[in-house]
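Have a look at model_8.cif; it's mmCIF, C-alpha atoms and all ligand atoms:
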data_upload
loop_
_atom_site.label_atom_id
_atom_site.label_comp_id
_atom_site.auth_asym_id
_atom_site.auth_seq_id
_atom_site.Cartn_x
_atom_site.Cartn_y
_atom_site.Cartn_z
CA MET A 210 79.92 -43.26 71.27
CA SER A 211 80.36 -41.42 74.57
CA ALA A 212 83.56 -41.56 76.59
CA GLN A 213 81.66 -43.76 79.05
CA ASP A 214 81.59 -46.69 76.65
CA ARG A 215 85.22 -47.65 76.75
CA VAL A 216 87.75 -49.63 78.75
CA PHE A 217 90.82 -47.54 79.64
CA ILE A 218 94.25 -49.13 79.87
CA ALA A 219 97.18 -47.34 81.51
CA GLY A 220 100.45 -48.42 79.86
CA ALA A 221 101.38 -49.78 76.42
CA GLY A 222 103.81 -52.44 77.66
CA PRO A 223 103.31 -56.12 76.78
CA VAL A 224 100.54 -56.50 79.38
CA GLY A 225 98.56 -53.38 78.39
CA LEU A 226 98.72 -54.19 74.69
CA VAL A 227 97.79 -57.87 75.15
CA ALA A 228 94.79 -56.68 77.20
CA ALA A 229 93.89 -54.25 74.39
CA ALA A 230 94.24 -56.93 71.68
CA ASN A 231 92.02 -59.39 73.56
CA LEU A 232 89.34 -56.76 74.20
CA VAL A 233 89.35 -55.41 70.65
CA ARG A 234 89.04 -59.00 69.38
CA ALA A 235 85.81 -59.19 71.43
CA ALA A 236 84.61 -55.85 69.96
CA VAL A 237 85.10 -53.98 73.26
CA PRO A 238 86.28 -50.38 72.62
CA VAL A 239 89.60 -49.53 74.26
CA THR A 240 91.74 -46.46 74.88
CA VAL A 241 95.37 -47.00 75.89
CA PHE A 242 97.12 -44.11 77.66
CA GLU A 243 100.92 -44.40 77.41
CA ALA A 244 103.24 -42.04 79.31
CA GLY A 245 106.09 -42.42 76.80
CA SER A 246 106.26 -40.76 73.38
CA ASP A 247 106.52 -44.20 71.76
CA LEU A 248 106.68 -47.87 72.73
CA SER A 249 109.60 -48.74 74.99
CA THR A 250 112.77 -50.12 73.40
CA GLU A 251 114.27 -51.21 76.73
CA SER A 252 115.99 -54.61 76.76
CA ARG A 253 113.97 -56.57 79.33
CA ALA A 254 112.01 -59.83 79.15
CA SER A 255 113.11 -62.14 76.38
CA THR A 256 111.40 -65.47 77.07
CA PHE A 257 107.87 -66.43 76.02
CA HIS A 258 106.57 -69.63 77.60
CA PRO A 259 104.42 -72.26 75.80
CA PRO A 260 100.99 -71.24 77.22
CA THR A 261 101.75 -67.56 76.58
CA LEU A 262 102.31 -68.45 72.91
CA ASP A 263 99.01 -70.38 72.93
CA MET A 264 97.26 -67.23 74.21
CA LEU A 265 98.96 -64.90 71.72
CA ASP A 266 97.90 -67.29 68.97
CA THR A 267 94.21 -66.61 69.63
CA PHE A 268 94.61 -63.11 68.15
CA GLY A 269 97.31 -63.81 65.59
CA ALA A 270 100.35 -62.52 67.48
CA ALA A 271 102.22 -65.80 68.07
CA GLU A 272 103.19 -66.47 64.46
CA PRO A 273 104.91 -63.10 63.80
CA LEU A 274 106.64 -63.30 67.19
CA ILE A 275 107.98 -66.78 66.44
CA ALA A 276 109.15 -65.52 63.04
CA GLN A 277 111.14 -62.71 64.73
CA GLY A 278 112.40 -64.83 67.62
CA LEU A 279 114.36 -67.95 68.26
CA VAL A 280 112.63 -71.24 69.02
CA ALA A 281 114.17 -72.94 72.10
CA PRO A 282 112.86 -76.54 72.37
CA GLY A 283 114.61 -77.13 75.69
CA PHE A 284 116.87 -75.75 78.38
CA GLN A 285 119.83 -76.85 80.46
CA TYR A 286 121.09 -76.65 84.01
CA ARG A 287 124.81 -76.59 84.61
CA THR A 288 127.01 -76.10 87.61
CA LYS A 289 130.20 -74.10 87.36
CA LYS A 290 132.09 -77.06 88.82
CA ASP A 291 130.65 -80.01 86.87
CA GLY A 292 129.22 -78.49 83.66
CA LEU A 293 125.96 -79.93 82.29
CA VAL A 294 123.84 -81.63 84.98
CA ALA A 295 120.38 -81.80 83.35
CA GLU A 296 118.66 -81.02 80.07
CA PHE A 297 114.89 -80.77 79.58
CA ASP A 298 112.88 -80.91 76.38
CA PHE A 299 109.42 -79.30 76.13
CA GLY A 300 108.52 -82.03 73.61
CA ALA A 301 107.57 -84.11 76.67
CA ILE A 302 104.55 -81.82 77.28
CA ALA A 303 103.42 -81.59 73.65
CA ASP A 304 100.00 -82.95 74.71
CA ALA A 305 99.47 -79.89 76.95
CA THR A 306 100.32 -77.04 74.57
CA ALA A 307 100.27 -76.22 70.86
CA HIS A 308 103.72 -74.62 71.32
CA PRO A 309 106.02 -77.12 73.09
CA TYR A 310 108.97 -74.70 73.16
CA ARG A 311 110.01 -71.30 74.48
CA VAL A 312 110.43 -68.39 72.12
CA GLN A 313 113.40 -66.17 72.80
CA ALA A 314 112.51 -62.65 71.61
CA GLU A 315 112.58 -59.26 73.27
CA GLN A 316 109.31 -57.96 74.67
CA SER A 317 109.70 -54.85 72.47
CA LYS A 318 109.14 -57.14 69.45
CA LEU A 319 105.77 -58.24 70.84
CA THR A 320 104.57 -54.71 71.64
CA ARG A 321 105.35 -53.58 68.09
CA ILE A 322 103.59 -56.58 66.56
CA LEU A 323 100.51 -55.92 68.70
CA LEU A 324 100.38 -52.20 68.01
CA ASP A 325 100.76 -52.77 64.25
CA GLN A 326 97.88 -55.26 64.37
CA LEU A 327 95.68 -52.99 66.50
CA ARG A 328 96.13 -49.74 64.55
CA GLY A 329 93.08 -49.03 62.45
CA LYS A 330 90.93 -51.70 64.13
CA PRO A 331 87.44 -50.44 65.07
CA GLY A 332 87.25 -49.35 68.70
CA PHE A 333 91.02 -49.07 69.27
CA GLU A 334 92.65 -45.82 70.34
CA ILE A 335 96.11 -45.12 71.73
CA SER A 336 97.33 -41.85 73.18
CA PHE A 337 101.09 -41.37 73.68
CA ASN A 338 102.64 -38.70 75.96
CA SER A 339 99.66 -39.34 78.23
CA ARG A 340 100.54 -40.17 81.81
CA VAL A 341 97.76 -41.32 84.14
CA GLN A 342 98.08 -39.21 87.28
CA SER A 343 95.04 -39.99 89.36
CA VAL A 344 91.95 -42.17 89.42
CA THR A 345 88.48 -41.58 90.85
CA GLN A 346 85.40 -43.75 90.48
CA ASP A 347 81.73 -44.17 91.29
CA GLY A 348 79.31 -47.06 90.85
CA SER A 349 79.13 -46.80 87.06
CA SER A 350 82.31 -45.12 85.80
CA VAL A 351 85.98 -44.45 86.38
CA THR A 352 87.75 -41.14 85.68
CA VAL A 353 91.45 -40.76 85.00
CA ALA A 354 93.36 -37.49 85.09
CA ILE A 355 95.86 -37.50 82.23
CA GLU A 356 98.95 -35.29 82.16
CA ARG A 357 99.49 -34.21 78.55
CA SER A 358 101.47 -31.29 77.05
CA GLY A 359 101.89 -29.62 80.42
CA GLY A 360 98.15 -29.71 81.21
CA THR A 361 95.72 -32.14 82.80
CA GLN A 362 92.61 -33.60 81.14
CA ASN A 363 89.96 -35.82 82.68
CA HIS A 364 88.58 -38.83 80.80
CA THR A 365 85.73 -41.02 81.95
CA GLY A 366 85.28 -44.65 80.95
CA ARG A 367 83.60 -47.80 82.19
CA TRP A 368 86.60 -49.73 83.51
CA LEU A 369 90.33 -49.14 83.97
CA ILE A 370 93.20 -51.61 83.73
CA GLY A 371 96.39 -50.38 85.40
CA ALA A 372 99.15 -52.00 83.33
CA ASP A 373 101.55 -49.15 83.98
CA GLY A 374 104.49 -51.16 85.33
CA ALA A 375 106.22 -51.65 88.66
CA SER A 376 105.91 -47.99 89.78
CA SER A 377 102.23 -47.95 88.77
CA SER A 378 100.47 -44.60 89.25
CA VAL A 379 97.15 -46.46 89.14
CA ARG A 380 98.21 -48.64 92.07
CA ARG A 381 99.32 -45.55 94.02
CA ALA A 382 96.15 -43.65 93.16
CA LEU A 383 94.08 -46.57 94.44
CA GLY A 384 96.15 -46.64 97.63
CA THR A 385 96.87 -50.35 97.16
CA ARG A 386 99.78 -51.69 99.21
CA PHE A 387 102.59 -53.46 97.28
CA GLU A 388 103.61 -56.05 99.83
CA GLY A 389 106.86 -58.00 99.81
CA PHE A 390 110.57 -57.29 99.86
CA THR A 391 113.58 -56.19 97.82
CA TRP A 392 116.65 -58.43 97.60
CA PRO A 393 119.92 -56.84 98.75
CA ASP A 394 121.61 -58.31 95.63
CA ARG A 395 121.21 -56.77 92.19
CA LEU A 396 121.35 -58.29 88.73
CA LEU A 397 123.61 -57.25 85.91
CA VAL A 398 122.63 -58.25 82.37
CA VAL A 399 125.51 -58.18 79.88
CA SER A 400 124.59 -58.52 76.19
CA THR A 401 127.19 -59.73 73.71
CA PRO A 402 127.22 -60.93 70.09
CA PHE A 403 129.88 -63.50 71.09
CA ASP A 404 128.93 -66.98 69.78
CA PHE A 405 128.85 -69.19 72.89
CA HIS A 406 127.84 -72.18 70.74
CA SER A 407 131.30 -72.14 69.20
CA THR A 408 132.98 -72.71 72.56
CA ILE A 409 130.44 -74.68 74.66
CA PRO A 410 129.49 -77.90 72.84
CA GLY A 411 125.79 -78.84 72.96
CA LEU A 412 124.75 -75.52 74.53
CA THR A 413 121.01 -74.77 74.27
CA ALA A 414 119.54 -71.26 73.98
CA VAL A 415 118.51 -71.22 77.66
CA ASN A 416 121.08 -72.17 80.32
CA TYR A 417 121.19 -71.71 84.06
CA VAL A 418 124.59 -72.12 85.73
CA ALA A 419 124.49 -72.78 89.48
CA ASP A 420 127.33 -71.68 91.75
CA ALA A 421 127.51 -70.89 95.46
CA GLU A 422 129.68 -67.82 94.88
CA ARG A 423 128.31 -66.34 91.66
CA TRP A 424 125.64 -68.06 89.57
CA TYR A 425 124.59 -66.72 86.19
CA PHE A 426 122.43 -67.61 83.27
CA LEU A 427 122.90 -67.49 79.54
CA LEU A 428 119.98 -66.66 77.25
CA GLN A 429 120.21 -66.45 73.49
CA ILE A 430 118.05 -64.02 71.51
CA PRO A 431 118.42 -63.36 67.77
CA GLY A 432 121.90 -61.92 67.21
CA LEU A 433 122.89 -61.72 70.88
CA TRP A 434 123.46 -63.62 74.09
CA ARG A 435 122.35 -62.13 77.38
CA VAL A 436 124.38 -63.18 80.42
CA MET A 437 122.73 -62.37 83.73
CA PHE A 438 124.90 -62.21 86.88
CA LEU A 439 123.94 -61.87 90.51
CA ILE A 440 125.87 -59.05 92.20
CA LYS A 441 126.31 -59.08 95.96
CA GLU A 442 125.44 -56.02 98.02
CA ASP A 443 129.03 -55.00 98.92
CA ILE A 444 129.82 -53.68 95.40
CA SER A 445 128.73 -50.14 94.51
CA ASP A 446 126.50 -49.36 91.50
CA GLU A 447 129.25 -47.09 90.11
CA GLN A 448 131.77 -49.92 90.15
CA ILE A 449 129.30 -52.38 88.56
CA ARG A 450 128.52 -49.98 85.73
CA THR A 451 132.14 -49.85 84.53
CA HIS A 452 133.14 -51.70 81.36
CA ALA A 453 136.01 -53.35 83.27
CA PHE A 454 133.61 -54.83 85.81
CA ALA A 455 131.36 -56.39 83.13
CA GLN A 456 134.49 -57.76 81.40
CA SER A 457 135.73 -59.27 84.67
CA LEU A 458 132.43 -61.13 85.12
CA MET A 459 132.34 -62.31 81.52
CA ALA A 460 135.89 -63.64 81.91
CA THR A 461 134.55 -66.14 84.48
CA VAL A 462 132.18 -67.78 81.95
CA ILE A 463 134.68 -69.67 79.78
CA PRO A 464 138.24 -70.19 81.02
CA GLY A 465 140.74 -68.47 78.74
CA ILE A 466 138.24 -66.18 77.00
CA SER A 467 138.13 -62.50 77.93
CA ASN A 468 137.69 -59.10 76.32
CA TYR A 469 134.19 -59.73 74.97
CA GLU A 470 132.40 -57.35 72.65
CA ILE A 471 129.69 -55.91 74.91
CA SER A 472 126.61 -54.42 73.26
CA HIS A 473 125.04 -53.13 76.45
CA THR A 474 124.63 -53.74 80.16
CA THR A 475 121.59 -53.29 82.41
CA LEU A 476 121.80 -53.18 86.20
CA TYR A 477 118.63 -53.61 88.17
CA LYS A 478 117.23 -54.22 91.61
CA VAL A 479 115.20 -57.33 92.23
CA HIS A 480 111.93 -57.33 94.14
CA GLN A 481 109.32 -59.86 95.22
CA ARG A 482 106.12 -57.89 95.69
CA VAL A 483 102.41 -58.50 95.16
CA ALA A 484 99.61 -55.92 95.36
CA LYS A 485 97.22 -56.38 98.27
CA THR A 486 94.32 -56.63 95.80
CA PHE A 487 94.12 -56.77 92.00
CA ARG A 488 90.63 -55.17 91.92
CA GLN A 489 89.16 -52.06 93.47
CA GLY A 490 85.69 -51.39 92.09
CA ARG A 491 86.06 -50.53 88.41
CA ALA A 492 89.85 -50.48 88.45
CA PHE A 493 92.17 -53.49 88.07
CA LEU A 494 95.90 -54.04 88.28
CA ALA A 495 97.75 -56.38 85.91
CA GLY A 496 101.36 -57.28 85.11
CA ASP A 497 104.20 -55.52 86.93
CA ALA A 498 101.69 -53.06 88.42
CA ALA A 499 100.23 -56.03 90.31
CA HIS A 500 103.32 -58.18 91.00
CA ILE A 501 107.06 -58.24 90.49
CA ASN A 502 109.57 -61.04 91.01
CA ASN A 503 113.13 -62.04 90.19
CA PRO A 504 113.68 -63.00 86.53
CA LEU A 505 114.69 -66.63 87.22
CA GLY A 506 112.30 -68.74 85.21
CA GLY A 507 111.04 -65.83 83.09
CA MET A 508 107.72 -65.56 84.93
CA GLY A 509 107.26 -61.76 85.23
CA MET A 510 106.06 -60.75 81.79
CA ASN A 511 104.54 -64.17 81.12
CA GLY A 512 102.52 -64.02 84.35
CA GLY A 513 101.45 -60.48 83.41
CA ILE A 514 100.20 -61.64 80.01
CA HIS A 515 98.29 -64.44 81.76
CA ASP A 516 96.69 -61.76 84.00
CA ALA A 517 95.72 -59.71 80.96
CA ILE A 518 93.97 -62.65 79.26
CA ASN A 519 92.21 -63.82 82.44
CA LEU A 520 90.91 -60.31 83.14
CA THR A 521 89.91 -59.28 79.63
CA ASP A 522 88.07 -62.56 78.89
CA ARG A 523 85.91 -61.74 81.92
CA LEU A 524 85.54 -58.03 81.07
CA ALA A 525 84.42 -58.97 77.55
CA ALA A 526 81.84 -61.39 78.97
CA VAL A 527 80.46 -58.71 81.31
CA TRP A 528 80.50 -56.10 78.51
CA GLN A 529 78.51 -58.41 76.25
CA GLY A 530 76.02 -59.24 79.01
CA ARG A 531 77.15 -62.88 79.23
CA ALA A 532 78.27 -62.53 82.87
CA TYR A 533 77.57 -60.44 85.96
CA ASP A 534 80.01 -58.05 87.64
CA ALA A 535 80.85 -60.69 90.29
CA GLU A 536 82.67 -62.57 87.51
CA LEU A 537 85.36 -59.87 87.72
CA ASP A 538 86.13 -60.74 91.34
CA ARG A 539 87.33 -64.12 90.12
CA TYR A 540 90.21 -62.33 88.39
CA ASP A 541 91.51 -61.16 91.75
CA THR A 542 90.87 -64.54 93.41
CA GLN A 543 92.57 -66.57 90.71
CA ARG A 544 95.47 -64.41 89.60
CA ARG A 545 96.46 -62.98 92.98
CA LEU A 546 96.45 -66.36 94.66
CA VAL A 547 98.47 -68.10 91.95
CA THR A 548 100.92 -65.23 91.95
CA LEU A 549 101.46 -65.70 95.68
CA GLU A 550 101.28 -69.49 95.71
CA THR A 551 103.26 -70.37 92.62
CA ILE A 552 105.04 -67.52 90.84
CA GLN A 553 106.53 -65.90 93.94
CA THR A 554 107.37 -69.26 95.55
CA GLN A 555 108.86 -70.72 92.37
CA THR A 556 111.05 -67.71 91.50
CA ILE A 557 112.40 -67.52 95.09
CA GLN A 558 113.12 -71.28 94.95
CA ASN A 559 114.83 -70.85 91.54
CA LYS A 560 117.22 -68.33 93.08
CA LYS A 561 117.97 -70.63 96.05
CA ASN A 562 118.60 -73.54 93.67
CA LEU A 563 121.25 -71.65 91.72
CA GLU A 564 122.96 -70.65 94.98
CA ASN A 565 123.10 -74.27 96.19
CA PRO A 566 124.50 -76.29 93.27
CA GLU A 567 124.97 -79.66 94.97
CA PRO A 568 121.49 -80.22 96.46
CA PHE A 569 120.04 -78.68 93.30
CA ALA A 570 121.91 -81.14 91.05
CA LYS A 571 120.67 -84.03 93.20
CA SER A 572 117.05 -82.85 92.99
CA LEU A 573 117.36 -82.62 89.21
CA GLU A 574 118.67 -86.18 89.08
CA VAL A 575 115.54 -87.37 90.92
CA ILE A 576 113.27 -85.46 88.51
CA LYS A 577 115.11 -86.71 85.41
CA SER A 578 115.01 -90.34 86.58
CA ASP A 579 111.19 -90.44 86.53
CA PRO A 580 109.13 -89.52 83.40
CA LYS A 581 106.08 -88.57 85.53
CA ARG A 582 108.17 -86.21 87.66
CA THR A 583 109.78 -84.77 84.51
CA TYR A 584 106.34 -84.16 82.99
CA GLU A 585 105.06 -82.40 86.11
CA TYR A 586 108.26 -80.38 86.40
CA LEU A 587 107.92 -79.19 82.80
CA LEU A 588 104.29 -78.20 83.42
CA ARG A 589 105.54 -76.08 86.35
CA VAL A 590 108.44 -74.34 84.62
CA SER A 591 106.35 -73.64 81.52
CA MET A 592 103.66 -72.08 83.78
CA ILE A 593 100.94 -74.46 82.56
CA ALA A 594 100.56 -75.73 86.14
CA THR A 595 99.99 -72.15 87.34
CA LEU A 596 97.16 -71.68 84.86
CA ARG A 597 95.57 -75.00 85.82
CA ARG A 598 95.81 -74.06 89.49
CA ALA A 599 94.07 -70.72 88.77
CA GLN A 600 91.12 -72.61 87.24
CA GLU A 601 90.83 -74.74 90.37
CA LEU A 602 90.51 -71.61 92.50
CA GLY A 603 87.00 -71.00 91.18
C1 LIG B 701 116.37 -56.66 82.82
C2 LIG B 701 115.03 -57.36 82.92
C3 LIG B 701 114.88 -58.64 82.41
C4 LIG B 701 113.67 -59.29 82.49
N1 LIG B 701 113.55 -60.54 81.95
C5 LIG B 701 112.34 -61.18 81.99
C6 LIG B 701 112.15 -62.46 81.35
O1 LIG B 701 113.06 -63.04 80.75
N2 LIG B 701 110.91 -63.00 81.37
C7 LIG B 701 109.84 -62.38 81.98
O2 LIG B 701 108.72 -62.93 81.96
N3 LIG B 701 109.98 -61.16 82.58
C8 LIG B 701 111.21 -60.54 82.58
N4 LIG B 701 111.35 -59.29 83.12
C9 LIG B 701 110.17 -58.62 83.65
C10 LIG B 701 109.38 -57.98 82.51
O3 LIG B 701 110.18 -57.08 81.77
C11 LIG B 701 108.17 -57.31 83.07
O4 LIG B 701 107.46 -58.27 83.84
C12 LIG B 701 107.26 -56.75 81.95
O5 LIG B 701 107.86 -55.66 81.29
C13 LIG B 701 105.93 -56.32 82.54
O6 LIG B 701 105.14 -55.77 81.54
P1 LIG B 701 104.08 -54.63 81.88
O7 LIG B 701 103.38 -54.36 80.60
O8 LIG B 701 103.31 -55.04 83.08
O9 LIG B 701 104.93 -53.39 82.36
P2 LIG B 701 106.01 -52.52 81.56
O10 LIG B 701 106.70 -53.34 80.53
O11 LIG B 701 106.83 -51.85 82.60
O12 LIG B 701 105.11 -51.45 80.78
C14 LIG B 701 104.46 -50.40 81.46
C15 LIG B 701 104.15 -49.30 80.47
O13 LIG B 701 103.41 -48.31 81.16
C16 LIG B 701 103.93 -47.02 80.86
N5 LIG B 701 103.60 -46.17 82.02
C17 LIG B 701 104.24 -46.08 83.21
N6 LIG B 701 103.61 -45.24 84.02
C18 LIG B 701 102.52 -44.79 83.34
C19 LIG B 701 101.44 -43.91 83.65
N7 LIG B 701 101.35 -43.34 84.87
N8 LIG B 701 100.50 -43.66 82.73
C20 LIG B 701 100.57 -44.27 81.49
N9 LIG B 701 101.57 -45.10 81.13
C21 LIG B 701 102.52 -45.37 82.05
C22 LIG B 701 105.41 -47.25 80.64
O14 LIG B 701 105.96 -46.20 79.85
C23 LIG B 701 105.40 -48.60 79.93
O15 LIG B 701 105.27 -48.45 78.54
C24 LIG B 701 112.56 -58.63 83.09
C25 LIG B 701 112.70 -57.33 83.60
C26 LIG B 701 113.91 -56.70 83.53
C27 LIG B 701 114.05 -55.31 84.11
#

Once you've parsed the file, please lay out its structure as structure tokens.
Ligand SMILES: Cc1cc2nc3c(=O)[nH]c(=O)nc-3n(C[C@H](O)[C@H](O)[C@H](O)COP(=O)(O)OP(=O)(O)OC[C@H]3O[C@@H](n4cnc5c(N)ncnc54)[C@H](O)[C@@H]3O)c2cc1C
Amino acid sequence: MSAQDRVFIAGAGPVGLVAAANLVRAAVPVTVFEAGSDLSTESRASTFHPPTLDMLDTFGAAEPLIAQGLVAPGFQYRTKKDGLVAEFDFGAIADATAHPYRVQAEQSKLTRILLDQLRGKPGFEISFNSRVQSVTQDGSSVTVAIERSGGTQNHTGRWLIGADGASSSVRRALGTRFEGFTWPDRLLVVSTPFDFHSTIPGLTAVNYVADAERWYFLLQIPGLWRVMFLIKEDISDEQIRTHAFAQSLMATVIPGISNYEISHTTLYKVHQRVAKTFRQGRAFLAGDAAHINNPLGGMGMNGGIHDAINLTDRLAAVWQGRAYDAELDRYDTQRRLVTLETIQTQTIQNKKNLENPEPFAKSLEVIKSDPKRTYEYLLRVSMIATLRRAQELG
């Protein structure tokens, strides 16, 4: 087989490897170029939504992920002042998904499951320590320059998927604008083995706590809780990174409890940006390379996995001669529009909600009082509505 007969994927994150798994399942040969020397171990996304699990199930990755994760059948909203204000159960949308729950597991679990399943499969190749530097293309092929062992090598394939994260080299090489803004606030994630269940009765694994001054959310993953705090712009990064600062935030969670065991902290900037286009000729952008948003609602990685499936289903159809090239434009139409219309809008609204506890609590009361509204709300937060909207976009 010549180098021409492959799909190239830049990046072995969750989006790149899901794209690879879906293509290999359809007997499309794939080469993944990963800049790192191994898969990332960074503590990042930890929530898998119901339709994402449905997708992973089609190539056998949902079951091992569920086995390594924590099944969260519902989630809660609280306010700092009044405690629990609303609880939702995904059981109410069991007719719309085979997985009416979230799975709490780190994204590094998924990438390892996928790579283990892909290794040795016909048509699959992965190359570590291989950073995509530049991209050129003509009507029938795409060439990537790969930086490896201090040198540069060119590889030519049929299509390229840029799944190389928020600072995507593929996006830069294509000259695609990444439009949007960066919030002045930052987020600090504090991980602790402390057992919040022992002190907060009835606590579910996913909790959002609204507060005008400092909201936070509590997410349980196997063996740890992650507490995510919003940090206003007037505090320096140096100050935030101190142990004392993390302890002072944690001390606000449960009155009378302080001095937590802290496993690690992550400080990060929050952006809302979407690439001007998700397709340029034979090159596509997917996942964080195409869009980034705040983590409220866990839509970043999930949306990226939805991109990967939407795109690779179409690429496989074109590869097998079941569809024409124009089919690939529908990826850009559907995924870019739903990213703008729903994911960006919803995550910005989620942040506003947590900053405005009283009106938020009232809106939840209205939703909870009506089963139809509750059903539609659950379709939205689980991202099923986003996928249905994409289908409507033709
Ligand atoms: C602290 C934190 C918490 C988060 N929580 C959530 C959450 O709960 N739910 C959610 O849905 N999302 C969450 N996100 C967002 C989520 O982590 C990302 O959306 C997700 O990682 C995107 O996956 P990806 O595969 O597109 O990119 P990445 O995971 O960034 O993977 C990109 C890969 O490409 C490689 N790479 C980079 N440049 C190159 C290059 N030039 N050539 C080759 N390889 C390259 C990188 O080494 C990496 O392996 C969170 C993010 C952070 C930072």

ask   = If I put a ball of radius 7 Å at (116.3, -72.9, 83.7) in the file's coordinates, which residues poke into it when counting all atoms listed in the file, written as a list in words?
value =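 Residues close enough to count: Phe284, Gln285, Tyr286, Val415, Asn416, Tyr417 and Gly506 of chain A.
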
Ligand LIG 701 (chain B): axis-aligned bounding box, 5 Å on each side, centre and edge lengths in Å, one decimal, as JSON:
{"center_x": 108.4, "center_y": -53.2, "center_z": 81.7, "size_x": 25.9, "size_y": 29.7, "size_z": 16.3}

inquiry  = Report as a PyMOL selection string all protein, DNA and RNA residues lying within 10 Å of stretch 375-385 of chain A, evaluated on all atoms listed in the file, omitting residues in the same chain fewer than 5 positions from it.
reply    = chain A and resi 219-220+340-346+353+369-370+480+482+484-490+492-501

With C-alpha atoms kept, could you save the residues just selected as an mmCIF file, keeping the file's coordinate frame?
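Result file result.cif:
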data_model
loop_
_atom_site.group_PDB
_atom_site.id
_atom_site.type_symbol
_atom_site.label_atom_id
_atom_site.label_comp_id
_atom_site.auth_asym_id
_atom_site.auth_seq_id
_atom_site.Cartn_x
_atom_site.Cartn_y
_atom_site.Cartn_z
ATOM 1 C CA ALA A 219 97.180 -47.340 81.510
ATOM 2 C CA GLY A 220 100.450 -48.420 79.860
ATOM 3 C CA ARG A 340 100.540 -40.170 81.810
ATOM 4 C CA VAL A 341 97.760 -41.320 84.140
ATOM 5 C CA GLN A 342 98.080 -39.210 87.280
ATOM 6 C CA SER A 343 95.040 -39.990 89.360
ATOM 7 C CA VAL A 344 91.950 -42.170 89.420
ATOM 8 C CA THR A 345 88.480 -41.580 90.850
ATOM 9 C CA GLN A 346 85.400 -43.750 90.480
ATOM 10 C CA VAL A 353 91.450 -40.760 85.000
ATOM 11 C CA LEU A 369 90.330 -49.140 83.970
ATOM 12 C CA ILE A 370 93.200 -51.610 83.730
ATOM 13 C CA HIS A 480 111.930 -57.330 94.140
ATOM 14 C CA ARG A 482 106.120 -57.890 95.690
ATOM 15 C CA ALA A 484 99.610 -55.920 95.360
ATOM 16 C CA LYS A 485 97.220 -56.380 98.270
ATOM 17 C CA THR A 486 94.320 -56.630 95.800
ATOM 18 C CA PHE A 487 94.120 -56.770 92.000
ATOM 19 C CA ARG A 488 90.630 -55.170 91.920
ATOM 20 C CA GLN A 489 89.160 -52.060 93.470
ATOM 21 C CA GLY A 490 85.690 -51.390 92.090
ATOM 22 C CA ALA A 492 89.850 -50.480 88.450
ATOM 23 C CA PHE A 493 92.170 -53.490 88.070
ATOM 24 C CA LEU A 494 95.900 -54.040 88.280
ATOM 25 C CA ALA A 495 97.750 -56.380 85.910
ATOM 26 C CA GLY A 496 101.360 -57.280 85.110
ATOM 27 C CA ASP A 497 104.200 -55.520 86.930
ATOM 28 C CA ALA A 498 101.690 -53.060 88.420
ATOM 29 C CA ALA A 499 100.230 -56.030 90.310
ATOM 30 C CA HIS A 500 103.320 -58.180 91.000
ATOM 31 C CA ILE A 501 107.060 -58.240 90.490
#

query = Of the residues A:Lys289, A:Arg544, A:Arg395, A:Arg597, which is the one nearest to ligand LIG 701 (chain B), using all atoms listed in the file?
reply =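 Of all the options, A:Arg395 lies closest to ligand LIG 701 (chain B).
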
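With atom C4 of ligand LIG 701 (chain B) on one side and atom CA of A:Asn502 on the other, the separation reads 9.6 Å.
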
Quick one: which stretch 267-377 of chain A residues come within 12 Å of stretch 451-470 of chain A, and what is the nearest atom pair for each with the distance in Å to one decimal, counting only C-alpha atoms, rows ordered by chain and ascending number, as a Markdown table?
| residue | atom | partner | partner_atom | distance |
| --- | --- | --- | --- | --- |
| A:Arg287 | CA | A:Val462 | CA | 11.8 |
| A:Thr288 | CA | A:Val462 | CA | 11.3 |
| A:Lys289 | CA | A:Val462 | CA | 8.6 |
| A:Lys290 | CA | A:Val462 | CA | 11.5 |
| A:Gly292 | CA | A:Ile463 | CA | 11.1 |

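Nearest residue to ligand LIG 701 (chain B) among A:Gly332, A:Pro580, A:Gly432, A:Gly222 is A:Gly222, counting all atoms listed in the file.
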
inquiry  = Between atom CA of A:Lys318 and atom CA of A:Phe405, what is the distance in Å, rounded to a tenth?
reply    = 23.4 Å

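Taking atom CA of A:Ala303 as the reference point, atom CA of A:Pro273 is found at 21.0 Å.
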
task = Between A:Gly283, A:Gly512, A:Gly366, A:Pro431, single out the one closest to A:Pro238, counting only C-alpha atoms.
result = A:Gly366

key: Best match for closeness to A:Ala244 among A:Val418, A:Leu265, A:Ile409, A:Ala221, counting all atoms listed in the file   =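 Checking each of A:Val418, A:Leu265, A:Ile409, A:Ala221 against A:Ala244, counting all atoms listed in the file, the winner is A:Ala221.
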
Cut-off 10 Å: closest stretch 496-548 of chain A/stretch 584-591 of chain A atom pairs per residue, using all atoms listed in the file, as a Markdown table:
| residue | atom | partner | partner_atom | distance |
| --- | --- | --- | --- | --- |
| A:Gly506 | CA | A:Val590 | CA | 6.8 |
| A:Gly507 | CA | A:Val590 | CA | 9.0 |
| A:Met508 | CA | A:Val590 | CA | 8.8 |
| A:Asn511 | CA | A:Ser591 | CA | 9.6 |

inquiry  = From the options A:Ala254, A:Ala295, A:Ala314, A:Leu232, which residue's atoms come nearest to A:Ile275, counting all atoms listed in the file?
reply    =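 Using all atoms listed in the file, A:Ile275 sits closest to A:Ala314.
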
message = Please determine, counting all atoms listed in the file, which residue among A:Thr475, A:Thr413, A:Ser350, A:Gln277 has the shortest atom-to-atom distance to ligand LIG 701 (chain B).
response =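 Selected residue with least distance to ligand LIG 701 (chain B): A:Thr475.
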